[in-house]
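**Q** model27.cif is reproduced in full below (mmCIF, N, CA, C and O atoms).
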data_work
loop_
_atom_site.label_atom_id
_atom_site.label_comp_id
_atom_site.auth_asym_id
_atom_site.auth_seq_id
_atom_site.Cartn_x
_atom_site.Cartn_y
_atom_site.Cartn_z
N MET C 261 8.81 17.61 3.84
CA MET C 261 7.50 16.99 3.81
C MET C 261 7.67 15.47 3.81
O MET C 261 8.57 14.94 3.17
N MET C 262 6.80 14.80 4.54
CA MET C 262 6.87 13.35 4.63
C MET C 262 5.64 12.73 3.98
O MET C 262 4.53 13.19 4.17
N LYS C 263 5.87 11.69 3.20
CA LYS C 263 4.80 10.90 2.61
C LYS C 263 4.75 9.56 3.32
O LYS C 263 5.79 8.99 3.65
N ILE C 264 3.53 9.05 3.54
CA ILE C 264 3.35 7.77 4.21
C ILE C 264 2.43 6.90 3.35
O ILE C 264 1.40 7.37 2.88
N ARG C 265 2.85 5.65 3.17
CA ARG C 265 1.99 4.64 2.52
C ARG C 265 1.87 3.48 3.50
O ARG C 265 2.85 3.09 4.13
N THR C 266 0.66 2.94 3.61
CA THR C 266 0.44 1.82 4.52
C THR C 266 -0.27 0.69 3.80
O THR C 266 -0.98 0.91 2.81
N SER C 267 -0.06 -0.51 4.30
CA SER C 267 -0.82 -1.68 3.84
C SER C 267 -0.95 -2.62 5.02
O SER C 267 -0.14 -2.60 5.95
N LEU C 268 -1.99 -3.43 4.96
CA LEU C 268 -2.26 -4.37 6.04
C LEU C 268 -2.73 -5.68 5.44
O LEU C 268 -3.62 -5.71 4.60
N GLU C 269 -2.10 -6.76 5.86
CA GLU C 269 -2.50 -8.11 5.45
C GLU C 269 -2.54 -8.96 6.71
O GLU C 269 -1.48 -9.27 7.28
N GLY C 270 -3.73 -9.30 7.15
CA GLY C 270 -3.87 -10.02 8.41
C GLY C 270 -3.42 -9.13 9.55
O GLY C 270 -3.92 -8.04 9.73
N LYS C 271 -2.44 -9.61 10.31
CA LYS C 271 -1.90 -8.83 11.42
C LYS C 271 -0.58 -8.15 11.07
O LYS C 271 0.04 -7.53 11.92
N ALA C 272 -0.16 -8.29 9.81
CA ALA C 272 1.10 -7.71 9.36
C ALA C 272 0.86 -6.42 8.60
O ALA C 272 0.12 -6.40 7.62
N ALA C 273 1.50 -5.36 9.07
CA ALA C 273 1.34 -4.05 8.45
C ALA C 273 2.68 -3.58 7.90
O ALA C 273 3.73 -3.89 8.47
N GLN C 274 2.63 -2.86 6.82
CA GLN C 274 3.82 -2.20 6.29
C GLN C 274 3.54 -0.71 6.24
O GLN C 274 2.48 -0.29 5.77
N ILE C 275 4.50 0.05 6.73
CA ILE C 275 4.44 1.50 6.66
C ILE C 275 5.70 1.96 5.93
O ILE C 275 6.81 1.67 6.38
N SER C 276 5.51 2.65 4.82
CA SER C 276 6.64 3.21 4.07
C SER C 276 6.63 4.71 4.27
O SER C 276 5.59 5.36 4.08
N VAL C 277 7.77 5.25 4.67
CA VAL C 277 7.87 6.69 4.88
C VAL C 277 8.92 7.26 3.94
O VAL C 277 9.94 6.63 3.67
N GLU C 278 8.63 8.45 3.45
CA GLU C 278 9.50 9.08 2.46
C GLU C 278 9.64 10.55 2.82
O GLU C 278 8.67 11.20 3.22
N GLY C 279 10.85 11.08 2.71
CA GLY C 279 11.08 12.49 2.98
C GLY C 279 11.68 12.72 4.35
O GLY C 279 12.63 12.05 4.73
N ARG C 280 11.11 13.68 5.08
CA ARG C 280 11.61 14.08 6.39
C ARG C 280 10.61 13.74 7.48
O ARG C 280 9.45 14.11 7.37
N MET C 281 11.08 13.07 8.53
CA MET C 281 10.24 12.80 9.69
C MET C 281 10.78 13.62 10.85
O MET C 281 11.86 13.36 11.37
N ASP C 282 10.02 14.65 11.21
CA ASP C 282 10.42 15.52 12.29
C ASP C 282 9.21 15.80 13.18
O ASP C 282 8.17 15.16 13.04
N ALA C 283 9.35 16.73 14.10
CA ALA C 283 8.27 17.02 15.04
C ALA C 283 6.99 17.46 14.33
O ALA C 283 5.89 17.19 14.80
N ALA C 284 7.13 18.11 13.19
CA ALA C 284 5.95 18.58 12.46
C ALA C 284 5.22 17.45 11.74
O ALA C 284 4.02 17.55 11.50
N SER C 285 5.92 16.37 11.42
CA SER C 285 5.29 15.30 10.64
C SER C 285 5.09 13.99 11.41
O SER C 285 4.37 13.12 10.95
N GLN C 286 5.70 13.85 12.58
CA GLN C 286 5.60 12.58 13.29
C GLN C 286 4.17 12.27 13.71
O GLN C 286 3.81 11.11 13.85
N GLU C 287 3.33 13.28 13.84
CA GLU C 287 1.93 13.02 14.19
C GLU C 287 1.22 12.25 13.09
O GLU C 287 0.31 11.46 13.37
N ARG C 288 1.64 12.44 11.85
CA ARG C 288 1.06 11.68 10.74
C ARG C 288 1.44 10.21 10.85
O ARG C 288 0.62 9.33 10.58
N LEU C 289 2.68 9.92 11.24
CA LEU C 289 3.09 8.53 11.45
C LEU C 289 2.32 7.94 12.64
O LEU C 289 1.86 6.80 12.58
N GLN C 290 2.15 8.72 13.69
CA GLN C 290 1.39 8.26 14.85
C GLN C 290 -0.04 7.90 14.45
O GLN C 290 -0.54 6.84 14.82
N ALA C 291 -0.68 8.74 13.67
CA ALA C 291 -2.06 8.48 13.24
C ALA C 291 -2.12 7.22 12.38
O ALA C 291 -3.03 6.40 12.53
N ALA C 292 -1.16 7.04 11.48
CA ALA C 292 -1.14 5.86 10.61
C ALA C 292 -0.94 4.59 11.44
O ALA C 292 -1.63 3.58 11.25
N GLY C 293 0.00 4.63 12.39
CA GLY C 293 0.24 3.47 13.25
C GLY C 293 -0.95 3.15 14.12
O GLY C 293 -1.34 1.98 14.26
N ASP C 294 -1.57 4.18 14.69
CA ASP C 294 -2.74 3.96 15.54
C ASP C 294 -3.90 3.36 14.75
O ASP C 294 -4.62 2.49 15.24
N GLN C 295 -4.07 3.82 13.52
CA GLN C 295 -5.14 3.28 12.67
C GLN C 295 -4.90 1.80 12.38
O GLN C 295 -5.82 0.98 12.45
N LEU C 296 -3.66 1.45 12.08
CA LEU C 296 -3.34 0.05 11.80
C LEU C 296 -3.50 -0.82 13.05
O LEU C 296 -4.01 -1.94 12.98
N LEU C 297 -3.10 -0.30 14.21
CA LEU C 297 -3.31 -1.02 15.47
C LEU C 297 -4.80 -1.26 15.71
O LEU C 297 -5.19 -2.35 16.12
N ALA C 298 -5.61 -0.25 15.45
CA ALA C 298 -7.05 -0.38 15.65
C ALA C 298 -7.66 -1.41 14.71
O ALA C 298 -8.67 -2.03 15.03
N ARG C 299 -7.02 -1.63 13.57
CA ARG C 299 -7.50 -2.62 12.60
C ARG C 299 -6.92 -4.01 12.87
O ARG C 299 -7.14 -4.94 12.10
N GLY C 300 -6.16 -4.17 13.97
CA GLY C 300 -5.68 -5.48 14.37
C GLY C 300 -4.23 -5.79 14.07
O GLY C 300 -3.77 -6.90 14.32
N ALA C 301 -3.48 -4.83 13.55
CA ALA C 301 -2.07 -5.08 13.24
C ALA C 301 -1.28 -5.28 14.53
O ALA C 301 -1.51 -4.59 15.52
N THR C 302 -0.37 -6.24 14.51
CA THR C 302 0.53 -6.46 15.64
C THR C 302 1.99 -6.49 15.20
O THR C 302 2.88 -6.23 16.00
N HIS C 303 2.23 -6.79 13.94
CA HIS C 303 3.59 -6.86 13.40
C HIS C 303 3.74 -5.78 12.33
O HIS C 303 2.92 -5.70 11.41
N PHE C 304 4.80 -5.00 12.47
CA PHE C 304 5.00 -3.86 11.58
C PHE C 304 6.36 -3.94 10.90
O PHE C 304 7.37 -4.22 11.56
N MET C 305 6.38 -3.68 9.61
CA MET C 305 7.61 -3.49 8.87
C MET C 305 7.63 -2.02 8.47
O MET C 305 6.72 -1.56 7.76
N ILE C 306 8.63 -1.29 8.93
CA ILE C 306 8.74 0.13 8.63
C ILE C 306 9.83 0.28 7.58
O ILE C 306 11.00 -0.01 7.84
N ASP C 307 9.44 0.73 6.39
CA ASP C 307 10.39 0.95 5.30
C ASP C 307 10.85 2.40 5.34
O ASP C 307 10.07 3.32 5.11
N VAL C 308 12.10 2.60 5.68
CA VAL C 308 12.68 3.94 5.76
C VAL C 308 13.70 4.19 4.65
O VAL C 308 14.48 5.13 4.73
N SER C 309 13.67 3.37 3.62
CA SER C 309 14.68 3.48 2.56
C SER C 309 14.61 4.81 1.81
O SER C 309 15.61 5.23 1.24
N GLU C 310 13.47 5.47 1.85
CA GLU C 310 13.32 6.77 1.18
C GLU C 310 13.28 7.93 2.17
O GLU C 310 12.97 9.06 1.80
N LEU C 311 13.58 7.66 3.43
CA LEU C 311 13.61 8.70 4.45
C LEU C 311 14.96 9.40 4.38
O LEU C 311 16.00 8.76 4.39
N VAL C 312 14.95 10.73 4.29
CA VAL C 312 16.20 11.48 4.20
C VAL C 312 16.62 12.12 5.52
O VAL C 312 17.76 12.53 5.68
N TYR C 313 15.67 12.19 6.46
CA TYR C 313 15.97 12.80 7.76
C TYR C 313 14.98 12.26 8.79
O TYR C 313 13.80 12.09 8.49
N ILE C 314 15.47 12.01 10.00
CA ILE C 314 14.58 11.65 11.11
C ILE C 314 15.08 12.35 12.37
O ILE C 314 16.28 12.29 12.68
N SER C 315 14.18 13.03 13.05
CA SER C 315 14.54 13.74 14.28
C SER C 315 14.27 12.83 15.48
O SER C 315 13.72 11.73 15.34
N SER C 316 14.59 13.33 16.66
CA SER C 316 14.32 12.56 17.87
C SER C 316 12.82 12.33 18.05
O SER C 316 12.42 11.29 18.60
N ALA C 317 11.98 13.24 17.58
CA ALA C 317 10.52 13.06 17.66
C ALA C 317 10.10 11.87 16.80
O ALA C 317 9.24 11.07 17.19
N GLY C 318 10.70 11.73 15.63
CA GLY C 318 10.40 10.59 14.77
C GLY C 318 10.86 9.28 15.38
O GLY C 318 10.14 8.27 15.34
N ILE C 319 12.05 9.28 15.95
CA ILE C 319 12.55 8.08 16.61
C ILE C 319 11.66 7.72 17.80
O ILE C 319 11.33 6.55 18.01
N GLY C 320 11.23 8.73 18.53
CA GLY C 320 10.32 8.49 19.64
C GLY C 320 9.02 7.84 19.20
O GLY C 320 8.49 6.97 19.89
N GLU C 321 8.52 8.24 18.05
CA GLU C 321 7.29 7.65 17.54
C GLU C 321 7.50 6.19 17.15
O GLU C 321 6.65 5.34 17.39
N LEU C 322 8.66 5.86 16.57
CA LEU C 322 8.96 4.46 16.25
C LEU C 322 9.05 3.62 17.52
O LEU C 322 8.56 2.49 17.56
N VAL C 323 9.65 4.18 18.56
CA VAL C 323 9.75 3.47 19.85
C VAL C 323 8.36 3.27 20.44
O VAL C 323 8.04 2.19 20.97
N ARG C 324 7.51 4.30 20.37
CA ARG C 324 6.14 4.18 20.89
C ARG C 324 5.37 3.08 20.17
O ARG C 324 4.71 2.25 20.78
N LEU C 325 5.50 3.05 18.84
CA LEU C 325 4.81 2.03 18.06
C LEU C 325 5.34 0.64 18.40
O LEU C 325 4.56 -0.31 18.54
N ALA C 326 6.64 0.51 18.58
CA ALA C 326 7.21 -0.78 18.97
C ALA C 326 6.70 -1.23 20.33
O ALA C 326 6.40 -2.41 20.54
N SER C 327 6.56 -0.29 21.26
CA SER C 327 6.05 -0.62 22.58
C SER C 327 4.60 -1.09 22.51
O SER C 327 4.23 -2.10 23.12
N LEU C 328 3.77 -0.39 21.75
CA LEU C 328 2.36 -0.77 21.60
C LEU C 328 2.22 -2.12 20.90
O LEU C 328 1.39 -2.94 21.29
N ALA C 329 3.04 -2.36 19.88
CA ALA C 329 3.00 -3.65 19.19
C ALA C 329 3.43 -4.76 20.14
O ALA C 329 2.83 -5.83 20.18
N GLY C 330 4.47 -4.51 20.93
CA GLY C 330 4.96 -5.50 21.89
C GLY C 330 3.92 -5.86 22.93
O GLY C 330 3.81 -7.02 23.33
N GLU C 331 3.14 -4.88 23.37
CA GLU C 331 2.07 -5.14 24.34
C GLU C 331 1.02 -6.09 23.76
O GLU C 331 0.31 -6.76 24.50
N ARG C 332 0.92 -6.16 22.43
CA ARG C 332 -0.05 -7.01 21.76
C ARG C 332 0.60 -8.30 21.23
O ARG C 332 0.01 -9.01 20.43
N GLY C 333 1.83 -8.55 21.64
CA GLY C 333 2.52 -9.76 21.22
C GLY C 333 3.21 -9.64 19.88
O GLY C 333 3.64 -10.64 19.31
N GLY C 334 3.34 -8.42 19.38
CA GLY C 334 3.96 -8.20 18.07
C GLY C 334 5.32 -7.56 18.17
O GLY C 334 5.96 -7.56 19.24
N GLU C 335 5.74 -6.98 17.06
CA GLU C 335 7.05 -6.35 17.00
C GLU C 335 7.10 -5.37 15.84
O GLU C 335 6.22 -5.38 14.98
N VAL C 336 8.15 -4.57 15.84
CA VAL C 336 8.40 -3.63 14.75
C VAL C 336 9.77 -3.94 14.18
O VAL C 336 10.74 -4.08 14.92
N ALA C 337 9.84 -4.05 12.87
CA ALA C 337 11.12 -4.22 12.18
C ALA C 337 11.32 -3.00 11.28
O ALA C 337 10.38 -2.56 10.61
N ILE C 338 12.53 -2.48 11.29
CA ILE C 338 12.84 -1.30 10.49
C ILE C 338 13.82 -1.69 9.40
O ILE C 338 14.79 -2.35 9.65
#
Mind turning the file's structure into structure tokens?

**A**
Amino acid sequence: MMKIRTSLEGKAAQISVEGRMDAASQERLQAAGDQLLARGATHFMIDVSELVYISSAGIGELVRLASLAGERGGEVAI
């Protein structure tokens, strides 16, 4: 199971993920990232210090978020 916490200050967003990020849970990260993008976030800090597993689906979601942030002049830091 994966837990997600988010915060937004201006255009800077932080997403903290905990547990396992796999095909079953990556949609939750996608929804959180999309919501922050819709609220104007362009720069993302992804805290994975409590993540115990990440599948290729999870990595794909991080790449997708980085691409969307880059299109808006931002970036993703992990």

**Q** Restricting the calculation to only C-alpha atoms: of C:Leu328, C:Ser285, C:Gly300, C:Gly320, which residue gets closest to Gly270 of chain C?

**A**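 When distances to Gly270 of chain C are compared using only C-alpha atoms, the smallest one comes from C:Gly300.
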
**Q** Pick from C:Ala292, C:Arg299, C:Lys271, C:Met281: nearest to Gly334 of chain C, with all atoms listed in the file counted?

**A**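 For Gly334 of chain C, the nearest of the given residues is C:Lys271.
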
**Q** Would you work out the distance separating atom N of Leu268 of chain C from atom O of Leu289 of chain C, expressed in Å to one decimal?

**A**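 Distance reported for this atom pair: 13.3 Å.
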
**Q** Could you pull out the helix (DSSP H, G or I) residues of chain C, going by DSSP on the backbone, and write them as a CSV table (one decimal) with N, CA, C and O atoms, in the coordinates of the input?

**A**
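Final file, part13.csv:
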chain,number,residue,atom,x,y,z
C,286,GLN,N,5.7,13.8,12.6
C,286,GLN,CA,5.6,12.6,13.3
C,286,GLN,C,4.2,12.3,13.7
C,286,GLN,O,3.8,11.1,13.8
C,287,GLU,N,3.3,13.3,13.8
C,287,GLU,CA,1.9,13.0,14.2
C,287,GLU,C,1.2,12.2,13.1
C,287,GLU,O,0.3,11.5,13.4
C,288,ARG,N,1.6,12.4,11.8
C,288,ARG,CA,1.1,11.7,10.7
C,288,ARG,C,1.4,10.2,10.8
C,288,ARG,O,0.6,9.3,10.6
C,289,LEU,N,2.7,9.9,11.2
C,289,LEU,CA,3.1,8.5,11.4
C,289,LEU,C,2.3,7.9,12.6
C,289,LEU,O,1.9,6.8,12.6
C,290,GLN,N,2.2,8.7,13.7
C,290,GLN,CA,1.4,8.3,14.8
C,290,GLN,C,0.0,7.9,14.4
C,290,GLN,O,-0.5,6.8,14.8
C,291,ALA,N,-0.7,8.7,13.7
C,291,ALA,CA,-2.1,8.5,13.2
C,291,ALA,C,-2.1,7.2,12.4
C,291,ALA,O,-3.0,6.4,12.5
C,292,ALA,N,-1.2,7.0,11.5
C,292,ALA,CA,-1.1,5.9,10.6
C,292,ALA,C,-0.9,4.6,11.4
C,292,ALA,O,-1.6,3.6,11.2
C,293,GLY,N,0.0,4.6,12.4
C,293,GLY,CA,0.2,3.5,13.2
C,293,GLY,C,-1.0,3.2,14.1
C,293,GLY,O,-1.3,2.0,14.3
C,294,ASP,N,-1.6,4.2,14.7
C,294,ASP,CA,-2.7,4.0,15.5
C,294,ASP,C,-3.9,3.4,14.8
C,294,ASP,O,-4.6,2.5,15.2
C,295,GLN,N,-4.1,3.8,13.5
C,295,GLN,CA,-5.1,3.3,12.7
C,295,GLN,C,-4.9,1.8,12.4
C,295,GLN,O,-5.8,1.0,12.4
C,296,LEU,N,-3.7,1.4,12.1
C,296,LEU,CA,-3.3,0.0,11.8
C,296,LEU,C,-3.5,-0.8,13.0
C,296,LEU,O,-4.0,-1.9,13.0
C,297,LEU,N,-3.1,-0.3,14.2
C,297,LEU,CA,-3.3,-1.0,15.5
C,297,LEU,C,-4.8,-1.3,15.7
C,297,LEU,O,-5.2,-2.4,16.1
C,298,ALA,N,-5.6,-0.2,15.4
C,298,ALA,CA,-7.0,-0.4,15.6
C,298,ALA,C,-7.7,-1.4,14.7
C,298,ALA,O,-8.7,-2.0,15.0
C,316,SER,N,14.6,13.3,16.7
C,316,SER,CA,14.3,12.6,17.9
C,316,SER,C,12.8,12.3,18.0
C,316,SER,O,12.4,11.3,18.6
C,317,ALA,N,12.0,13.2,17.6
C,317,ALA,CA,10.5,13.1,17.7
C,317,ALA,C,10.1,11.9,16.8
C,317,ALA,O,9.2,11.1,17.2
C,318,GLY,N,10.7,11.7,15.6
C,318,GLY,CA,10.4,10.6,14.8
C,318,GLY,C,10.9,9.3,15.4
C,318,GLY,O,10.1,8.3,15.3
C,319,ILE,N,12.0,9.3,16.0
C,319,ILE,CA,12.6,8.1,16.6
C,319,ILE,C,11.7,7.7,17.8
C,319,ILE,O,11.3,6.6,18.0
C,320,GLY,N,11.2,8.7,18.5
C,320,GLY,CA,10.3,8.5,19.6
C,320,GLY,C,9.0,7.8,19.2
C,320,GLY,O,8.5,7.0,19.9
C,321,GLU,N,8.5,8.2,18.0
C,321,GLU,CA,7.3,7.6,17.5
C,321,GLU,C,7.5,6.2,17.2
C,321,GLU,O,6.6,5.3,17.4
C,322,LEU,N,8.7,5.9,16.6
C,322,LEU,CA,9.0,4.5,16.2
C,322,LEU,C,9.0,3.6,17.5
C,322,LEU,O,8.6,2.5,17.6
C,323,VAL,N,9.6,4.2,18.6
C,323,VAL,CA,9.8,3.5,19.8
C,323,VAL,C,8.4,3.3,20.4
C,323,VAL,O,8.0,2.2,21.0
C,324,ARG,N,7.5,4.3,20.4
C,324,ARG,CA,6.1,4.2,20.9
C,324,ARG,C,5.4,3.1,20.2
C,324,ARG,O,4.7,2.2,20.8
C,325,LEU,N,5.5,3.0,18.8
C,325,LEU,CA,4.8,2.0,18.1
C,325,LEU,C,5.3,0.6,18.4
C,325,LEU,O,4.6,-0.3,18.5
C,326,ALA,N,6.6,0.5,18.6
C,326,ALA,CA,7.2,-0.8,19.0
C,326,ALA,C,6.7,-1.2,20.3
C,326,ALA,O,6.4,-2.4,20.5
C,327,SER,N,6.6,-0.3,21.3
C,327,SER,CA,6.0,-0.6,22.6
C,327,SER,C,4.6,-1.1,22.5
C,327,SER,O,4.2,-2.1,23.1
C,328,LEU,N,3.8,-0.4,21.8
C,328,LEU,CA,2.4,-0.8,21.6
C,328,LEU,C,2.2,-2.1,20.9
C,328,LEU,O,1.4,-2.9,21.3
C,329,ALA,N,3.0,-2.4,19.9
C,329,ALA,CA,3.0,-3.6,19.2
C,329,ALA,C,3.4,-4.8,20.1
C,329,ALA,O,2.8,-5.8,20.2
C,330,GLY,N,4.5,-4.5,20.9
C,330,GLY,CA,5.0,-5.5,21.9
C,330,GLY,C,3.9,-5.9,22.9
C,330,GLY,O,3.8,-7.0,23.3
C,331,GLU,N,3.1,-4.9,23.4
C,331,GLU,CA,2.1,-5.1,24.3
C,331,GLU,C,1.0,-6.1,23.8
C,331,GLU,O,0.3,-6.8,24.5

**Q** Which of these, C:Arg288, C:Arg280, C:Glu335, C:Ser327, has the shortest distance to Tyr313 of chain C once you count only N, CA, C and O atoms?

**A**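 Closest to Tyr313 of chain C of all the choices is C:Arg280.
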
**Q** For the file shown, what are the residues hit by the PyMOL selection byres ((chain C and resi 304) around 8), laid out as a list in words?

**A**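 Applied to this file, the PyMOL selection byres ((chain C and resi 304) around 8) selects Ser267, Lys271, Ala272, Ala273, Gln274, Ile275, Ala301, Thr302, His303, Met305, Ile306, Asp307, Leu325, Ala329, Gly334, Glu335, Val336, Ala337 and Ile338 of chain C.
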
**Q** Please write the residues from the selection above to a file, keeping N, CA, C and O atoms, as a PDB file, keeping the file's coordinate frame.

**A**
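Written output follows (part-v5.pdb):
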ATOM      1  N   SER C 267      -0.060  -0.510   4.300  1.00  0.00           N
ATOM      2  CA  SER C 267      -0.820  -1.680   3.840  1.00  0.00           C
ATOM      3  C   SER C 267      -0.950  -2.620   5.020  1.00  0.00           C
ATOM      4  O   SER C 267      -0.140  -2.600   5.950  1.00  0.00           O
ATOM      5  N   LYS C 271      -2.440  -9.610  10.310  1.00  0.00           N
ATOM      6  CA  LYS C 271      -1.900  -8.830  11.420  1.00  0.00           C
ATOM      7  C   LYS C 271      -0.580  -8.150  11.070  1.00  0.00           C
ATOM      8  O   LYS C 271       0.040  -7.530  11.920  1.00  0.00           O
ATOM      9  N   ALA C 272      -0.160  -8.290   9.810  1.00  0.00           N
ATOM     10  CA  ALA C 272       1.100  -7.710   9.360  1.00  0.00           C
ATOM     11  C   ALA C 272       0.860  -6.420   8.600  1.00  0.00           C
ATOM     12  O   ALA C 272       0.120  -6.400   7.620  1.00  0.00           O
ATOM     13  N   ALA C 273       1.500  -5.360   9.070  1.00  0.00           N
ATOM     14  CA  ALA C 273       1.340  -4.050   8.450  1.00  0.00           C
ATOM     15  C   ALA C 273       2.680  -3.580   7.900  1.00  0.00           C
ATOM     16  O   ALA C 273       3.730  -3.890   8.470  1.00  0.00           O
ATOM     17  N   GLN C 274       2.630  -2.860   6.820  1.00  0.00           N
ATOM     18  CA  GLN C 274       3.820  -2.200   6.290  1.00  0.00           C
ATOM     19  C   GLN C 274       3.540  -0.710   6.240  1.00  0.00           C
ATOM     20  O   GLN C 274       2.480  -0.290   5.770  1.00  0.00           O
ATOM     21  N   ILE C 275       4.500   0.050   6.730  1.00  0.00           N
ATOM     22  CA  ILE C 275       4.440   1.500   6.660  1.00  0.00           C
ATOM     23  C   ILE C 275       5.700   1.960   5.930  1.00  0.00           C
ATOM     24  O   ILE C 275       6.810   1.670   6.380  1.00  0.00           O
ATOM     25  N   ALA C 301      -3.480  -4.830  13.550  1.00  0.00           N
ATOM     26  CA  ALA C 301      -2.070  -5.080  13.240  1.00  0.00           C
ATOM     27  C   ALA C 301      -1.280  -5.280  14.530  1.00  0.00           C
ATOM     28  O   ALA C 301      -1.510  -4.590  15.520  1.00  0.00           O
ATOM     29  N   THR C 302      -0.370  -6.240  14.510  1.00  0.00           N
ATOM     30  CA  THR C 302       0.530  -6.460  15.640  1.00  0.00           C
ATOM     31  C   THR C 302       1.990  -6.490  15.200  1.00  0.00           C
ATOM     32  O   THR C 302       2.880  -6.230  16.000  1.00  0.00           O
ATOM     33  N   HIS C 303       2.230  -6.790  13.940  1.00  0.00           N
ATOM     34  CA  HIS C 303       3.590  -6.860  13.400  1.00  0.00           C
ATOM     35  C   HIS C 303       3.740  -5.780  12.330  1.00  0.00           C
ATOM     36  O   HIS C 303       2.920  -5.700  11.410  1.00  0.00           O
ATOM     37  N   MET C 305       6.380  -3.680   9.610  1.00  0.00           N
ATOM     38  CA  MET C 305       7.610  -3.490   8.870  1.00  0.00           C
ATOM     39  C   MET C 305       7.630  -2.020   8.470  1.00  0.00           C
ATOM     40  O   MET C 305       6.720  -1.560   7.760  1.00  0.00           O
ATOM     41  N   ILE C 306       8.630  -1.290   8.930  1.00  0.00           N
ATOM     42  CA  ILE C 306       8.740   0.130   8.630  1.00  0.00           C
ATOM     43  C   ILE C 306       9.830   0.280   7.580  1.00  0.00           C
ATOM     44  O   ILE C 306      11.000  -0.010   7.840  1.00  0.00           O
ATOM     45  N   ASP C 307       9.440   0.730   6.390  1.00  0.00           N
ATOM     46  CA  ASP C 307      10.390   0.950   5.300  1.00  0.00           C
ATOM     47  C   ASP C 307      10.850   2.400   5.340  1.00  0.00           C
ATOM     48  O   ASP C 307      10.070   3.320   5.110  1.00  0.00           O
ATOM     49  N   LEU C 325       5.500   3.050  18.840  1.00  0.00           N
ATOM     50  CA  LEU C 325       4.810   2.030  18.060  1.00  0.00           C
ATOM     51  C   LEU C 325       5.340   0.640  18.400  1.00  0.00           C
ATOM     52  O   LEU C 325       4.560  -0.310  18.540  1.00  0.00           O
ATOM     53  N   ALA C 329       3.040  -2.360  19.880  1.00  0.00           N
ATOM     54  CA  ALA C 329       3.000  -3.650  19.190  1.00  0.00           C
ATOM     55  C   ALA C 329       3.430  -4.760  20.140  1.00  0.00           C
ATOM     56  O   ALA C 329       2.830  -5.830  20.180  1.00  0.00           O
ATOM     57  N   GLY C 334       3.340  -8.420  19.380  1.00  0.00           N
ATOM     58  CA  GLY C 334       3.960  -8.200  18.070  1.00  0.00           C
ATOM     59  C   GLY C 334       5.320  -7.560  18.170  1.00  0.00           C
ATOM     60  O   GLY C 334       5.960  -7.560  19.240  1.00  0.00           O
ATOM     61  N   GLU C 335       5.740  -6.980  17.060  1.00  0.00           N
ATOM     62  CA  GLU C 335       7.050  -6.350  17.000  1.00  0.00           C
ATOM     63  C   GLU C 335       7.100  -5.370  15.840  1.00  0.00           C
ATOM     64  O   GLU C 335       6.220  -5.380  14.980  1.00  0.00           O
ATOM     65  N   VAL C 336       8.150  -4.570  15.840  1.00  0.00           N
ATOM     66  CA  VAL C 336       8.400  -3.630  14.750  1.00  0.00           C
ATOM     67  C   VAL C 336       9.770  -3.940  14.180  1.00  0.00           C
ATOM     68  O   VAL C 336      10.740  -4.080  14.920  1.00  0.00           O
ATOM     69  N   ALA C 337       9.840  -4.050  12.870  1.00  0.00           N
ATOM     70  CA  ALA C 337      11.120  -4.220  12.180  1.00  0.00           C
ATOM     71  C   ALA C 337      11.320  -3.000  11.280  1.00  0.00           C
ATOM     72  O   ALA C 337      10.380  -2.560  10.610  1.00  0.00           O
ATOM     73  N   ILE C 338      12.530  -2.480  11.290  1.00  0.00           N
ATOM     74  CA  ILE C 338      12.840  -1.300  10.490  1.00  0.00           C
ATOM     75  C   ILE C 338      13.820  -1.690   9.400  1.00  0.00           C
ATOM     76  O   ILE C 338      14.790  -2.350   9.650  1.00  0.00           O
TER      77      ILE C 338
END

**Q** Skip Glu321 of chain C itself and residues of its chain fewer than 6 positions away, then list as a tab-separated table (two decimals) with N, CA, C and O atoms, in the coordinates of the input all residues within 9 Å of it, counting only C-alpha atoms.

**A**
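Heads up, here's the output in out38.tsv:
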chain	number	residue	atom	x	y	z
C	286	GLN	N	5.70	13.85	12.58
C	286	GLN	CA	5.60	12.58	13.29
C	286	GLN	C	4.17	12.27	13.71
C	286	GLN	O	3.81	11.11	13.85
C	287	GLU	N	3.33	13.28	13.84
C	287	GLU	CA	1.93	13.02	14.19
C	287	GLU	C	1.22	12.25	13.09
C	287	GLU	O	0.31	11.46	13.37
C	289	LEU	N	2.68	9.92	11.24
C	289	LEU	CA	3.09	8.53	11.45
C	289	LEU	C	2.32	7.94	12.64
C	289	LEU	O	1.86	6.80	12.58
C	290	GLN	N	2.15	8.72	13.69
C	290	GLN	CA	1.39	8.26	14.85
C	290	GLN	C	-0.04	7.90	14.45
C	290	GLN	O	-0.54	6.84	14.82

**Q** When you count only C-alpha atoms, which of these residues is closest to Arg332 of chain C: C:Val277, C:Ala283, C:Ala291, C:Ala298?

**A** C:Ala298

**Q** Which residues, named as in the file, does the PyMOL selection byres (((chain C and resi 265 and name CA) around 6) and name CA) pick out? Answer as a PDB file with N, CA, C and O atoms, keeping the file's coordinate frame.

**A**
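Below is the file that was written, part_37.pdb:
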ATOM      1  N   ILE C 264       3.530   9.050   3.540  1.00  0.00           N
ATOM      2  CA  ILE C 264       3.350   7.770   4.210  1.00  0.00           C
ATOM      3  C   ILE C 264       2.430   6.900   3.350  1.00  0.00           C
ATOM      4  O   ILE C 264       1.400   7.370   2.880  1.00  0.00           O
ATOM      5  N   THR C 266       0.660   2.940   3.610  1.00  0.00           N
ATOM      6  CA  THR C 266       0.440   1.820   4.520  1.00  0.00           C
ATOM      7  C   THR C 266      -0.270   0.690   3.800  1.00  0.00           C
ATOM      8  O   THR C 266      -0.980   0.910   2.810  1.00  0.00           O
ATOM      9  N   ILE C 275       4.500   0.050   6.730  1.00  0.00           N
ATOM     10  CA  ILE C 275       4.440   1.500   6.660  1.00  0.00           C
ATOM     11  C   ILE C 275       5.700   1.960   5.930  1.00  0.00           C
ATOM     12  O   ILE C 275       6.810   1.670   6.380  1.00  0.00           O
ATOM     13  N   SER C 276       5.510   2.650   4.820  1.00  0.00           N
ATOM     14  CA  SER C 276       6.640   3.210   4.070  1.00  0.00           C
ATOM     15  C   SER C 276       6.630   4.710   4.270  1.00  0.00           C
ATOM     16  O   SER C 276       5.590   5.360   4.080  1.00  0.00           O
TER      17      SER C 276
END
